[in-house]
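Undergrad: Got a file for you: protein_32.csv, CSV, C-alpha atoms and all ligand atoms.
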chain,number,residue,atom,x,y,z
A,243,MET,CA,-15.7,21.1,-17.5
A,244,SER,CA,-17.1,17.7,-16.6
A,245,LYS,CA,-17.8,17.0,-13.0
A,246,ILE,CA,-15.7,14.3,-11.5
A,247,ARG,CA,-17.9,11.8,-9.6
A,248,ASN,CA,-17.2,8.8,-7.4
A,249,ASN,CA,-20.7,7.8,-6.7
A,250,TRP,CA,-22.0,6.0,-9.8
A,251,LYS,CA,-25.0,3.8,-9.3
A,252,LEU,CA,-25.5,0.5,-11.2
A,253,GLU,CA,-28.9,1.6,-12.6
A,254,GLU,CA,-27.6,4.9,-14.1
A,255,VAL,CA,-24.6,3.1,-15.7
A,256,LEU,CA,-26.9,0.4,-17.1
A,257,GLN,CA,-29.1,3.2,-18.5
A,258,LEU,CA,-26.0,4.6,-20.3
A,259,PHE,CA,-25.5,1.2,-21.8
A,260,GLU,CA,-29.1,1.2,-23.0
A,261,LYS,CA,-28.8,4.6,-24.8
A,262,PRO,CA,-28.9,4.7,-28.6
A,263,PHE,CA,-25.3,4.2,-29.9
A,264,ASN,CA,-24.9,7.6,-31.6
A,265,GLU,CA,-26.2,9.4,-28.5
A,266,ILE,CA,-23.7,7.7,-26.2
A,267,LEU,CA,-20.9,8.3,-28.6
A,268,SER,CA,-21.6,12.0,-29.0
A,269,GLN,CA,-22.0,12.4,-25.2
A,270,ALA,CA,-18.6,10.7,-24.7
A,271,HIS,CA,-17.0,12.7,-27.4
A,272,ASP,CA,-18.1,16.0,-25.9
A,273,ILE,CA,-16.7,15.0,-22.6
A,274,HIS,CA,-13.5,13.9,-24.3
A,275,ILE,CA,-12.9,17.1,-26.1
A,276,ASP,CA,-13.8,19.1,-23.0
A,277,ASN,CA,-11.0,17.4,-21.0
A,278,HIS,CA,-8.3,16.3,-23.4
A,279,LYS,CA,-6.4,17.7,-26.4
A,280,LYS,CA,-8.3,16.8,-29.5
A,281,ASP,CA,-6.9,14.1,-31.9
A,282,MET,CA,-4.0,13.2,-29.6
A,283,VAL,CA,-3.0,9.7,-28.8
A,284,GLN,CA,-0.6,8.6,-26.1
A,285,VAL,CA,1.5,5.6,-27.1
A,286,CYS,CA,3.1,3.2,-24.7
A,287,THR,CA,5.4,0.3,-25.5
A,288,LEU,CA,5.2,-3.0,-23.6
A,289,LEU,CA,8.0,-5.4,-22.8
A,290,SER,CA,7.7,-8.7,-21.0
A,291,VAL,CA,10.8,-8.7,-18.8
A,292,LYS,CA,9.9,-12.1,-17.2
A,293,THR,CA,7.7,-14.4,-19.3
A,294,GLY,CA,5.8,-17.5,-18.4
A,295,GLY,CA,5.8,-19.8,-15.4
A,296,CYS,CA,3.2,-17.9,-13.5
A,297,PRO,CA,1.5,-19.8,-10.6
A,298,GLU,CA,-1.8,-17.8,-11.0
A,299,ASP,CA,-4.6,-19.4,-12.9
A,300,CYS,CA,-6.0,-16.4,-14.9
A,301,GLY,CA,-8.2,-18.2,-17.5
A,302,TYR,CA,-7.1,-15.9,-20.3
A,303,CYS,CA,-3.4,-15.9,-19.9
A,304,SER,CA,-0.8,-18.0,-21.8
A,305,GLN,CA,1.8,-17.3,-19.1
A,306,SER,CA,-0.1,-19.3,-16.5
A,307,ILE,CA,1.3,-22.7,-15.6
A,308,HIS,CA,-2.3,-23.9,-15.6
A,309,SER,CA,-2.7,-23.2,-19.4
A,310,ASP,CA,-2.8,-26.4,-21.5
A,311,GLU,CA,0.0,-24.9,-23.7
A,312,PRO,CA,1.9,-22.8,-21.3
A,313,ILE,CA,4.5,-20.5,-22.8
A,314,GLU,CA,8.1,-21.3,-22.0
A,315,ALA,CA,9.3,-19.7,-18.8
A,316,THR,CA,12.2,-17.3,-19.1
A,317,PRO,CA,14.4,-15.7,-16.3
A,318,LEU,CA,14.3,-12.0,-15.7
A,319,MET,CA,15.7,-10.1,-18.6
A,320,SER,CA,19.1,-8.5,-18.4
A,321,LEU,CA,19.5,-4.7,-17.9
A,322,GLU,CA,21.3,-4.5,-21.3
A,323,GLU,CA,18.4,-6.2,-23.2
A,324,VAL,CA,15.9,-3.8,-21.5
A,325,ARG,CA,18.1,-0.8,-22.5
A,326,GLU,CA,18.1,-2.1,-26.1
A,327,LYS,CA,14.4,-2.6,-26.4
A,328,ALA,CA,13.6,0.6,-24.6
A,329,THR,CA,15.9,2.6,-27.0
A,330,VAL,CA,14.0,1.2,-30.0
A,331,ALA,CA,10.7,2.1,-28.4
A,332,ARG,CA,11.9,5.6,-27.6
A,333,ASP,CA,13.1,6.0,-31.2
A,334,GLN,CA,9.8,4.9,-32.6
A,335,GLY,CA,8.1,7.7,-30.7
A,336,SER,CA,6.9,6.0,-27.5
A,337,THR,CA,6.7,8.3,-24.5
A,338,ARG,CA,5.9,5.5,-22.0
A,339,PHE,CA,7.5,2.2,-21.5
A,340,CYS,CA,5.7,-0.5,-19.6
A,341,MET,CA,7.5,-3.6,-18.3
A,342,GLY,CA,5.4,-6.7,-17.3
A,343,ALA,CA,6.5,-9.7,-15.3
A,344,ALA,CA,4.6,-13.0,-14.9
A,345,TRP,CA,4.7,-13.1,-11.1
A,346,ARG,CA,2.0,-13.6,-8.5
A,347,ARG,CA,4.0,-11.2,-6.4
A,348,PRO,CA,7.6,-10.0,-6.9
A,349,SER,CA,10.4,-10.9,-4.3
A,350,ASN,CA,12.2,-8.0,-2.8
A,351,LYS,CA,15.3,-9.0,-4.7
A,352,ASN,CA,13.4,-8.8,-8.0
A,353,ILE,CA,12.0,-5.4,-6.9
A,354,ASP,CA,15.7,-4.2,-6.7
A,355,ARG,CA,16.4,-5.5,-10.2
A,356,VAL,CA,13.2,-3.9,-11.6
A,357,ILE,CA,14.2,-0.6,-10.0
A,358,LYS,CA,17.4,-0.6,-12.1
A,359,MET,CA,15.3,-1.2,-15.2
A,360,ILE,CA,13.1,1.8,-14.3
A,361,ASP,CA,16.2,3.9,-14.0
A,362,VAL,CA,17.1,2.9,-17.6
A,363,VAL,CA,13.7,4.0,-18.9
A,364,HIS,CA,14.0,7.3,-17.2
A,365,GLU,CA,17.6,7.8,-18.5
A,366,LEU,CA,16.0,7.5,-22.0
A,367,GLY,CA,13.5,10.2,-21.2
A,368,MET,CA,10.4,8.1,-21.1
A,369,GLU,CA,7.8,7.6,-18.4
A,370,SER,CA,7.9,4.3,-16.7
A,371,CYS,CA,5.1,1.8,-15.9
A,372,VAL,CA,5.5,-1.7,-14.4
A,373,THR,CA,3.0,-4.6,-13.9
A,374,LEU,CA,4.5,-7.2,-11.5
A,375,GLY,CA,1.4,-8.7,-9.8
A,376,MET,CA,0.5,-8.1,-6.1
A,377,LEU,CA,2.6,-5.7,-4.1
A,378,SER,CA,3.1,-5.2,-0.4
A,379,GLU,CA,2.8,-1.7,1.1
A,380,ASP,CA,6.6,-1.6,1.5
A,381,GLN,CA,7.3,-2.6,-2.1
A,382,ALA,CA,4.9,0.1,-3.4
A,383,ILE,CA,6.8,2.6,-1.3
A,384,ARG,CA,10.2,1.4,-2.7
A,385,LEU,CA,8.9,1.6,-6.3
A,386,SER,CA,7.6,5.1,-5.6
A,387,LYS,CA,10.9,6.2,-4.3
A,388,SER,CA,12.6,5.0,-7.5
A,389,GLY,CA,10.5,7.5,-9.4
A,390,LEU,CA,8.2,5.0,-11.0
A,391,ASN,CA,5.4,6.8,-12.8
A,392,TYR,CA,2.6,4.2,-13.2
A,393,TYR,CA,1.7,0.8,-11.8
A,394,ASN,CA,-0.6,-1.4,-13.9
A,395,HIS,CA,-2.9,-3.7,-12.0
A,396,ASN,CA,-6.1,-4.6,-13.6
A,397,LEU,CA,-9.4,-5.5,-11.9
A,398,ASP,CA,-10.3,-7.3,-15.2
A,399,THR,CA,-14.0,-7.8,-14.6
A,400,SER,CA,-16.7,-7.4,-12.0
A,401,ARG,CA,-16.4,-8.6,-8.4
A,402,GLU,CA,-19.1,-11.2,-9.1
A,403,HIS,CA,-17.6,-12.6,-12.2
A,404,TYR,CA,-14.0,-12.6,-10.9
A,405,SER,CA,-13.9,-16.1,-9.5
A,406,LYS,CA,-15.1,-17.6,-12.8
A,407,VAL,CA,-11.9,-16.2,-14.4
A,408,ILE,CA,-9.3,-16.6,-11.6
A,409,SER,CA,-9.3,-18.7,-8.5
A,410,THR,CA,-5.8,-18.2,-7.1
A,411,ARG,CA,-6.5,-14.7,-5.7
A,412,ASN,CA,-9.6,-12.6,-5.0
A,413,TYR,CA,-10.9,-9.1,-5.8
A,414,GLN,CA,-9.9,-7.7,-2.5
A,415,ASP,CA,-6.2,-8.8,-3.1
A,416,ARG,CA,-6.4,-6.6,-6.3
A,417,LEU,CA,-8.0,-3.7,-4.5
A,418,ASN,CA,-5.3,-3.9,-1.7
A,419,THR,CA,-2.5,-3.5,-4.2
A,420,LEU,CA,-4.2,-0.6,-5.9
A,421,LYS,CA,-4.6,1.0,-2.5
A,422,TYR,CA,-0.9,0.6,-1.7
A,423,VAL,CA,0.0,2.0,-5.1
A,424,ARG,CA,-2.2,5.0,-4.7
A,425,GLU,CA,-1.0,5.8,-1.2
A,426,SER,CA,2.6,5.5,-2.2
A,427,GLY,CA,2.1,8.3,-4.8
A,428,ILE,CA,2.5,6.2,-7.9
A,429,LYS,CA,-0.1,6.8,-10.6
A,430,VAL,CA,-2.7,4.1,-11.0
A,431,CYS,CA,-3.3,2.2,-14.2
A,432,SER,CA,-6.2,-0.3,-13.9
A,433,GLY,CA,-8.7,-1.6,-16.3
A,434,GLY,CA,-10.2,-4.8,-17.6
A,435,ILE,CA,-10.8,-7.3,-20.4
A,436,LEU,CA,-14.0,-7.8,-22.4
A,437,GLY,CA,-14.7,-11.3,-23.6
A,438,LEU,CA,-14.3,-13.2,-20.3
A,439,GLY,CA,-17.9,-14.5,-20.6
A,440,GLU,CA,-19.1,-11.5,-18.6
A,441,SER,CA,-22.6,-9.9,-19.0
A,442,ARG,CA,-23.2,-6.3,-19.8
A,443,GLU,CA,-24.0,-5.8,-16.1
A,444,ASP,CA,-20.5,-7.2,-15.2
A,445,ARG,CA,-19.0,-4.6,-17.6
A,446,ALA,CA,-21.0,-1.8,-15.9
A,447,LYS,CA,-19.9,-3.1,-12.5
A,448,LEU,CA,-16.2,-3.1,-13.5
A,449,LEU,CA,-16.4,0.5,-14.7
A,450,ILE,CA,-18.2,1.5,-11.5
A,451,GLU,CA,-15.5,-0.2,-9.3
A,452,LEU,CA,-12.9,1.9,-11.2
A,453,ALA,CA,-14.8,5.1,-11.3
A,454,ASN,CA,-15.9,4.9,-7.6
A,455,LEU,CA,-12.3,4.6,-6.3
A,456,GLU,CA,-11.5,7.5,-4.1
A,457,GLN,CA,-9.5,8.9,-7.0
A,458,HIS,CA,-10.0,7.8,-10.6
A,459,PRO,CA,-7.1,5.8,-12.1
A,460,GLU,CA,-5.0,8.1,-14.3
A,461,SER,CA,-5.0,5.3,-16.9
A,462,VAL,CA,-7.7,2.7,-17.7
A,463,PRO,CA,-6.8,0.0,-20.2
A,464,ILE,CA,-9.7,-1.7,-21.9
A,465,ASN,CA,-8.5,-4.9,-23.4
A,466,MET,CA,-10.3,-7.1,-25.9
A,467,LEU,CA,-9.6,-10.8,-25.0
A,468,VAL,CA,-6.8,-12.1,-27.2
A,469,HIS,CA,-7.8,-15.8,-27.6
A,470,MET,CA,-4.6,-17.6,-26.6
A,471,GLU,CA,-4.5,-21.3,-27.5
A,472,GLY,CA,-4.5,-23.6,-24.5
A,473,THR,CA,-6.1,-21.2,-22.1
A,474,ARG,CA,-9.4,-22.0,-20.4
A,475,LEU,CA,-11.1,-19.1,-22.1
A,476,TYR,CA,-9.7,-19.8,-25.6
A,477,LYS,CA,-13.0,-20.8,-27.0
A,478,ASN,CA,-15.0,-17.8,-25.6
A,479,GLU,CA,-17.3,-16.1,-27.9
A,480,LYS,CA,-16.1,-12.8,-29.5
A,481,VAL,CA,-17.5,-9.6,-28.0
A,482,ASP,CA,-19.8,-7.6,-30.3
A,483,GLU,CA,-17.7,-4.7,-31.7
A,484,LEU,CA,-20.3,-2.1,-31.0
A,485,GLU,CA,-20.6,-3.3,-27.4
A,486,PHE,CA,-16.8,-2.8,-27.1
A,487,VAL,CA,-17.0,0.7,-28.5
A,488,ARG,CA,-19.9,1.5,-26.2
A,489,THR,CA,-17.8,0.3,-23.2
A,490,ILE,CA,-15.0,2.7,-24.2
A,491,ALA,CA,-17.6,5.6,-24.5
A,492,ILE,CA,-18.9,4.8,-21.0
A,493,SER,CA,-15.4,4.6,-19.5
A,494,ARG,CA,-14.9,8.1,-20.9
A,495,ILE,CA,-18.2,9.4,-19.5
A,496,LEU,CA,-17.5,7.9,-16.0
A,497,MET,CA,-13.8,9.0,-15.9
A,498,PRO,CA,-13.5,12.2,-17.9
A,499,LYS,CA,-9.9,13.0,-17.2
A,500,THR,CA,-8.4,9.5,-17.4
A,501,TYR,CA,-6.4,8.2,-20.2
A,502,VAL,CA,-8.6,5.5,-21.7
A,503,ARG,CA,-6.4,3.0,-23.4
A,504,LEU,CA,-7.6,0.9,-26.4
A,505,SER,CA,-5.4,-2.0,-25.3
A,506,ALA,CA,-5.0,-5.7,-26.3
A,507,GLY,CA,-6.9,-7.0,-29.3
A,508,ARG,CA,-6.3,-4.1,-31.7
A,509,GLU,CA,-4.5,-6.4,-34.1
A,510,SER,CA,-7.8,-8.0,-35.1
A,511,MET,CA,-9.8,-4.7,-35.1
A,512,ALA,CA,-10.6,-2.9,-38.4
A,513,ASP,CA,-9.5,0.7,-38.8
A,514,SER,CA,-13.1,1.8,-38.7
A,515,MET,CA,-13.6,0.2,-35.3
A,516,GLN,CA,-10.5,1.8,-33.9
A,517,ALA,CA,-11.7,5.1,-35.3
A,518,LEU,CA,-15.0,4.7,-33.4
A,519,CYS,CA,-13.1,3.9,-30.2
A,520,PHE,CA,-11.0,7.1,-30.6
A,521,TYR,CA,-14.1,9.1,-31.3
A,522,ALA,CA,-15.7,7.6,-28.2
A,523,GLY,CA,-12.8,8.8,-26.0
A,524,ALA,CA,-9.9,6.3,-26.2
A,525,ASN,CA,-6.7,8.4,-26.2
A,526,SER,CA,-4.0,5.9,-25.6
A,527,VAL,CA,-2.7,2.6,-27.2
A,528,PHE,CA,-0.1,0.0,-26.9
A,529,TYR,CA,2.5,0.7,-29.6
A,530,GLY,CA,5.0,-1.7,-31.1
A,531,GLU,CA,4.9,-5.2,-32.7
A,532,GLU,CA,4.3,-7.1,-29.5
A,533,LEU,CA,2.2,-6.9,-26.4
A,534,LEU,CA,3.6,-9.3,-23.7
A,535,THR,CA,3.3,-12.6,-25.6
A,536,ALA,CA,0.8,-11.8,-28.3
A,537,PRO,CA,1.4,-9.8,-31.5
A,538,ASN,CA,0.2,-6.2,-31.7
A,539,VAL,CA,-0.3,-3.8,-34.7
A,540,THR,CA,2.9,-2.8,-36.4
A,541,VAL,CA,4.3,0.7,-36.0
A,542,GLU,CA,4.0,1.3,-39.7
A,543,LYS,CA,0.3,0.4,-39.7
A,544,ASP,CA,-0.3,2.5,-36.6
A,545,ARG,CA,1.4,5.5,-38.1
A,546,GLU,CA,-0.7,5.1,-41.3
A,547,LEU,CA,-3.8,4.9,-39.2
A,548,PHE,CA,-3.0,8.0,-37.2
A,549,TYR,CA,-2.2,9.8,-40.4
A,550,LYS,CA,-5.5,8.8,-42.0
A,551,LEU,CA,-7.4,9.9,-38.9
A,552,GLY,CA,-5.5,13.2,-38.5
A,553,MET,CA,-4.3,12.1,-35.1
A,554,ARG,CA,-1.0,13.0,-33.5
A,555,ILE,CA,1.2,11.1,-31.1
A,556,GLU,CA,1.6,12.9,-27.8
A,557,GLY,CA,5.2,14.1,-27.2
A,558,ASP,CA,6.5,13.0,-30.6
A,559,GLU,CA,8.5,15.9,-32.0
A,560,ASP,CA,8.3,14.4,-35.5
A,561,GLN,CA,4.7,15.2,-35.7
A,562,ILE,CA,5.4,18.8,-36.7
A,563,GLU,CA,7.3,17.4,-39.7
A,564,GLU,CA,4.4,15.0,-40.4
A,565,ILE,CA,1.9,17.8,-40.4
A,566,ASN,CA,3.9,19.8,-42.8
A,567,LYS,CA,4.2,16.9,-45.1
A,568,ARG,CA,0.5,16.3,-44.8
A,569,LYS,CA,-0.1,19.5,-46.6
A,570,ASN,CA,1.2,17.9,-49.8
A,571,PRO,CA,0.5,14.2,-49.4
A,572,ASP,CA,1.7,12.5,-52.5
A,573,ILE,CA,2.2,8.7,-52.2
A,574,GLU,CA,6.0,8.9,-51.9
A,575,LYS,CA,5.9,11.4,-49.2
A,576,LYS,CA,3.3,9.4,-47.3
A,577,GLN,CA,5.6,6.4,-47.5
A,578,ASN,CA,8.3,8.5,-45.9
A,579,ILE,CA,6.0,9.7,-43.2
A,580,TYR,CA,4.9,6.2,-42.2
A,581,ASN,CA,8.5,5.0,-42.1
A,582,LEU,CA,9.9,8.1,-40.6
A,583,LYS,CA,11.4,6.7,-37.5
A,584,LEU,CA,12.1,3.3,-38.9
A,585,ILE,CA,14.6,4.6,-41.5
A,586,ASN,CA,16.5,6.6,-39.0
B,1,LIG,N1,1.2,-10.8,-13.7
B,1,LIG,C1,0.8,-9.4,-13.6
B,1,LIG,C2,-0.7,-9.3,-13.3
B,1,LIG,O1,-1.5,-10.1,-13.7
B,1,LIG,O2,-1.1,-8.2,-12.8
B,1,LIG,C3,1.1,-8.6,-14.8
B,1,LIG,C4,1.1,-9.1,-16.2
B,1,LIG,S1,-0.5,-9.4,-16.8
B,1,LIG,C5,-0.2,-10.3,-18.2
B,1,LIG,C6,-1.3,-7.9,-17.2
B,1,LIG,C7,-2.7,-7.8,-17.7
B,1,LIG,O3,-2.7,-8.3,-19.1
B,1,LIG,C8,-3.7,-8.7,-17.0
B,1,LIG,O4,-4.2,-8.1,-15.9
B,1,LIG,C9,-4.8,-8.8,-18.1
B,1,LIG,O5,-5.7,-7.8,-17.8
B,1,LIG,C10,-4.1,-8.5,-19.4
B,1,LIG,N2,-4.1,-9.7,-20.3
B,1,LIG,C11,-3.4,-10.9,-20.0
B,1,LIG,N3,-3.7,-11.8,-21.0
B,1,LIG,C12,-4.6,-11.2,-21.8
B,1,LIG,C13,-5.3,-11.7,-23.0
B,1,LIG,N4,-5.1,-12.9,-23.5
B,1,LIG,N5,-6.1,-10.8,-23.6
B,1,LIG,C14,-6.3,-9.6,-23.1
B,1,LIG,N6,-5.7,-9.1,-22.0
B,1,LIG,C15,-4.8,-9.9,-21.3
B,2,LIG,C1,-3.0,-4.3,-20.0
B,2,LIG,O1,-4.1,-3.9,-19.6
B,2,LIG,N1,-2.8,-5.0,-21.1
B,2,LIG,C2,-1.5,-5.3,-21.3
B,2,LIG,C3,-0.8,-4.6,-20.1
B,2,LIG,N2,-1.9,-4.1,-19.4
B,2,LIG,C4,0.3,-5.2,-19.4
B,2,LIG,C5,-1.2,-6.7,-21.5
B,2,LIG,C6,-2.0,-7.3,-22.7
B,2,LIG,C7,-1.6,-8.8,-22.8
B,2,LIG,C8,-2.2,-9.4,-24.0
B,2,LIG,C9,-1.8,-10.8,-24.1
B,2,LIG,C10,-0.3,-11.1,-24.2
B,2,LIG,O2,0.5,-10.4,-24.8
B,2,LIG,O3,0.1,-12.1,-23.7
B,3,LIG,FE1,0.2,-14.5,-14.1
B,3,LIG,FE2,-0.5,-12.0,-14.8
B,3,LIG,FE3,-0.9,-14.0,-16.5
B,3,LIG,FE4,-2.4,-13.9,-14.4
B,3,LIG,S1,-2.3,-12.4,-16.0
B,3,LIG,S2,-1.4,-15.8,-15.2
B,3,LIG,S3,-1.0,-13.1,-12.9
B,3,LIG,S4,1.0,-13.3,-15.8
Write out the structure in this file as structure tokens.

TA:
Amino acid sequence: MSKIRNNWKLEEVLQLFEKPFNEILSQAHDIHIDNHKKDMVQVCTLLSVKTGGCPEDCGYCSQSIHSDEPIEATPLMSLEEVREKATVARDQGSTRFCMGAAWRRPSNKNIDRVIKMIDVVHELGMESCVTLGMLSEDQAIRLSKSGLNYYNHNLDTSREHYSKVISTRNYQDRLNTLKYVRESGIKVCSGGILGLGESREDRAKLLIELANLEQHPESVPINMLVHMEGTRLYKNEKVDELEFVRTIAISRILMPKTYVRLSAGRESMADSMQALCFYAGANSVFYGEELLTAPNVTVEKDRELFYKLGMRIEGDEDQIEEINKRKNPDIEKKQNIYNLKLIN
């Protein structure tokens, strides 16, 4: 079993980045299969329960009022609509449901309303995750008491690069919320985005921030920047695909037991690139047609990809049926497999 460390140094992580591609991939893969079930992927569906109108100025986000083409602001979604969307996600095989709100920080009244939404997700038998911006210590405790499983709060990039991306809050604000979440007993989901104009050193520093937390986040989403029109970073250069895969591999090496989530940006990734990411240790994805405001890969396409790669969805009972059908995969049956849940 791999040793869990919290004392990574910049030089050693930069050395990992310098290693030959195949070497770093096989090192990450070995750690992955030592610590996780092989060929399993966790799927998590996202829902934006309060979209747009956010006062923060994150340079990548279409929901910020500072964007040149800000997305229309909506009020907080009704409980009934959340129930409807969560039911669809559950029926498609999702085991975790993550609700996002475009807030700098939630009001206590809104925390009450989100807690009711969390109850609905649990009634449907899924794990819950929310991402609501900065929290106070009290709010984290209240969410924890509601039984919330995960809180998503990304560090996004290195401490040094942060102010080039966001000026309305600082790194310490982010770390404080992560601390309240951890202390309250909620599991931590925190990761970053590649493509924010950061250097390789910034990528290494982001991973070190996460891996050197007292306890590793249970979940680390690695997002590829989705270039949203009107945002300050819209015209940013694309990140080299192999550099992205390498970053996934190094996340796996630094945090052996964590779920590493291949997050935003999959819609524009080839199957081969996603396959490399899974080999390098990614074992979680966002599942369903939509992220928060941007499109995601369709469920049919994902099922087809998992089938081609021999991967199974964690907690999805239909996978047994899928494996049986796989033993005799003629085209018609394949079609049924990919549409399995959709035709129900
Ligand atoms: N407002 C809350 C916050 O910022 O913590 C929660 C919602 S926010 C949209 C959640 C995360 O989505 C951000 O921290 C960022 O990492 C990611 N994200 C937002 N826009 C993105 C984009 N265009 N491309 C990739 N990731 C993005
Ligand atoms: C995370 O790391 N990525 C998700 C989730 N956490 C909340 C959000 C991705 C957003 C992509 C752009 C959009 O949909 O607006
Ligand atoms: Fe607001 Fe979150 Fe978007 Fe930043 S990433 S502008 S905090 S919704």

Undergrad: What lies within 7 Å of A:Pro498 using all atoms listed in the file, ignoring chain neighbours under 2 positions off, as a PyMOL selection string?

TA: chain A and resi 244+273-274+277+494-496+500

Undergrad: Taking C-alpha atoms for each residue, export the selection above as a PDB file, keeping the file's coordinate frame.

TA:
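Result file is out05.pdb:
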ATOM      1  CA  SER A 244     -17.100  17.700 -16.600  1.00  0.00           C
ATOM      2  CA  ILE A 273     -16.700  15.000 -22.600  1.00  0.00           C
ATOM      3  CA  HIS A 274     -13.500  13.900 -24.300  1.00  0.00           C
ATOM      4  CA  ASN A 277     -11.000  17.400 -21.000  1.00  0.00           C
ATOM      5  CA  ARG A 494     -14.900   8.100 -20.900  1.00  0.00           C
ATOM      6  CA  ILE A 495     -18.200   9.400 -19.500  1.00  0.00           C
ATOM      7  CA  LEU A 496     -17.500   7.900 -16.000  1.00  0.00           C
ATOM      8  CA  THR A 500      -8.400   9.500 -17.400  1.00  0.00           C
TER       9      THR A 500
END

Undergrad: What residues have any atom no more than 8 Å from ligand LIG 3 (chain B) when counting all atoms listed in the file, and can you list them as a list in words?

TA: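 So, counting all atoms listed in the file, the residues near ligand LIG 3 (chain B) are Thr293, Gly294, Gly295, Cys296, Pro297, Glu298, Asp299, Cys300, Gly301, Tyr302, Cys303, Ser304, Gln305, Ser306, Ile307, Ala343, Ala344, Trp345, Arg346, Leu374, Gly375 and Ile408 of chain A.
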
Undergrad: Would you mind exporting the chosen residues as an mmCIF file, in the frame of the given file, restricted to C-alpha atoms?

TA:
data_model
loop_
_atom_site.group_PDB
_atom_site.id
_atom_site.type_symbol
_atom_site.label_atom_id
_atom_site.label_comp_id
_atom_site.auth_asym_id
_atom_site.auth_seq_id
_atom_site.Cartn_x
_atom_site.Cartn_y
_atom_site.Cartn_z
ATOM 1 C CA THR A 293 7.700 -14.400 -19.300
ATOM 2 C CA GLY A 294 5.800 -17.500 -18.400
ATOM 3 C CA GLY A 295 5.800 -19.800 -15.400
ATOM 4 C CA CYS A 296 3.200 -17.900 -13.500
ATOM 5 C CA PRO A 297 1.500 -19.800 -10.600
ATOM 6 C CA GLU A 298 -1.800 -17.800 -11.000
ATOM 7 C CA ASP A 299 -4.600 -19.400 -12.900
ATOM 8 C CA CYS A 300 -6.000 -16.400 -14.900
ATOM 9 C CA GLY A 301 -8.200 -18.200 -17.500
ATOM 10 C CA TYR A 302 -7.100 -15.900 -20.300
ATOM 11 C CA CYS A 303 -3.400 -15.900 -19.900
ATOM 12 C CA SER A 304 -0.800 -18.000 -21.800
ATOM 13 C CA GLN A 305 1.800 -17.300 -19.100
ATOM 14 C CA SER A 306 -0.100 -19.300 -16.500
ATOM 15 C CA ILE A 307 1.300 -22.700 -15.600
ATOM 16 C CA ALA A 343 6.500 -9.700 -15.300
ATOM 17 C CA ALA A 344 4.600 -13.000 -14.900
ATOM 18 C CA TRP A 345 4.700 -13.100 -11.100
ATOM 19 C CA ARG A 346 2.000 -13.600 -8.500
ATOM 20 C CA LEU A 374 4.500 -7.200 -11.500
ATOM 21 C CA GLY A 375 1.400 -8.700 -9.800
ATOM 22 C CA ILE A 408 -9.300 -16.600 -11.600
#

Undergrad: Show which residues sit within 6 Å of stretch 540-549 of chain A, as an MDAnalysis selection string. Count only C-alpha atoms, and ignore same-chain residues fewer than 2 positions away.

TA: chainID A and resid 530:531 551:553 580

Undergrad: In Å, with one decimal, what is the gap from atom CA of A:Val487 to atom CA of A:Pro463?

TA: 13.2 Å

Undergrad: Give me the residues near A:Glu402 as a PyMOL selection string, where near means some atom within 10 Å (using all atoms listed in the file) and where sequence neighbours in that chain fewer than 2 positions away do not count.

TA: chain A and resi 399-400+404-406+413+440+444+447-448

Undergrad: Hey, can you spit out that residue selection with C-alpha atoms as a tab-separated table (two decimals), in the frame of the given file?

TA:
chain	number	residue	atom	x	y	z
A	399	THR	CA	-14.00	-7.80	-14.60
A	400	SER	CA	-16.70	-7.40	-12.00
A	404	TYR	CA	-14.00	-12.60	-10.90
A	405	SER	CA	-13.90	-16.10	-9.50
A	406	LYS	CA	-15.10	-17.60	-12.80
A	413	TYR	CA	-10.90	-9.10	-5.80
A	440	GLU	CA	-19.10	-11.50	-18.60
A	444	ASP	CA	-20.50	-7.20	-15.20
A	447	LYS	CA	-19.90	-3.10	-12.50
A	448	LEU	CA	-16.20	-3.10	-13.50

Undergrad: Smallest atom-to-atom distance to A:Ile555: which of A:Lys280, A:Lys245, A:Lys292, A:His469, using only C-alpha atoms?

TA: A:Lys280

Undergrad: Would you kindly identify which residues have an atom no farther than 10 Å from (17.5, 9.5, -23.9), using all atoms listed in the file and the file's own coordinates, and write them out as a PDB file with C-alpha atoms, in the coordinates of the input?

TA:
ATOM      1  CA  ALA A 328      13.600   0.600 -24.600  1.00  0.00           C
ATOM      2  CA  THR A 329      15.900   2.600 -27.000  1.00  0.00           C
ATOM      3  CA  ARG A 332      11.900   5.600 -27.600  1.00  0.00           C
ATOM      4  CA  ASP A 333      13.100   6.000 -31.200  1.00  0.00           C
ATOM      5  CA  VAL A 362      17.100   2.900 -17.600  1.00  0.00           C
ATOM      6  CA  VAL A 363      13.700   4.000 -18.900  1.00  0.00           C
ATOM      7  CA  HIS A 364      14.000   7.300 -17.200  1.00  0.00           C
ATOM      8  CA  GLU A 365      17.600   7.800 -18.500  1.00  0.00           C
ATOM      9  CA  LEU A 366      16.000   7.500 -22.000  1.00  0.00           C
ATOM     10  CA  GLY A 367      13.500  10.200 -21.200  1.00  0.00           C
ATOM     11  CA  MET A 368      10.400   8.100 -21.100  1.00  0.00           C
TER      12      MET A 368
END

Undergrad: With only C-alpha atoms and all ligand atoms as the atoms that count, which of A:Met515, A:Val407, A:Val468, A:Met282 lies nearest to ligand LIG 1 (chain B)?

TA: A:Val468

Undergrad: Write out as CSV a residue-level contact list of chain A versus ligand LIG 2 (chain B) with cut-off 6 Å: for each qualifying residue the closest pair of atoms and the distance in Å to one decimal, counting only C-alpha atoms and all ligand atoms, rows sorted by chain and residue number upward.

TA:
residue,atom,partner,partner_atom,distance
A:Gly342,CA,B:LIG2,C4,5.7
A:Pro463,CA,B:LIG2,O1,4.8
A:Asn465,CA,B:LIG2,O1,5.9
A:Ser505,CA,B:LIG2,N1,5.8
A:Ala506,CA,B:LIG2,C6,5.0
A:Leu533,CA,B:LIG2,O2,4.2
A:Leu534,CA,B:LIG2,O2,3.5
A:Thr535,CA,B:LIG2,O2,3.6
A:Ala536,CA,B:LIG2,O2,3.8
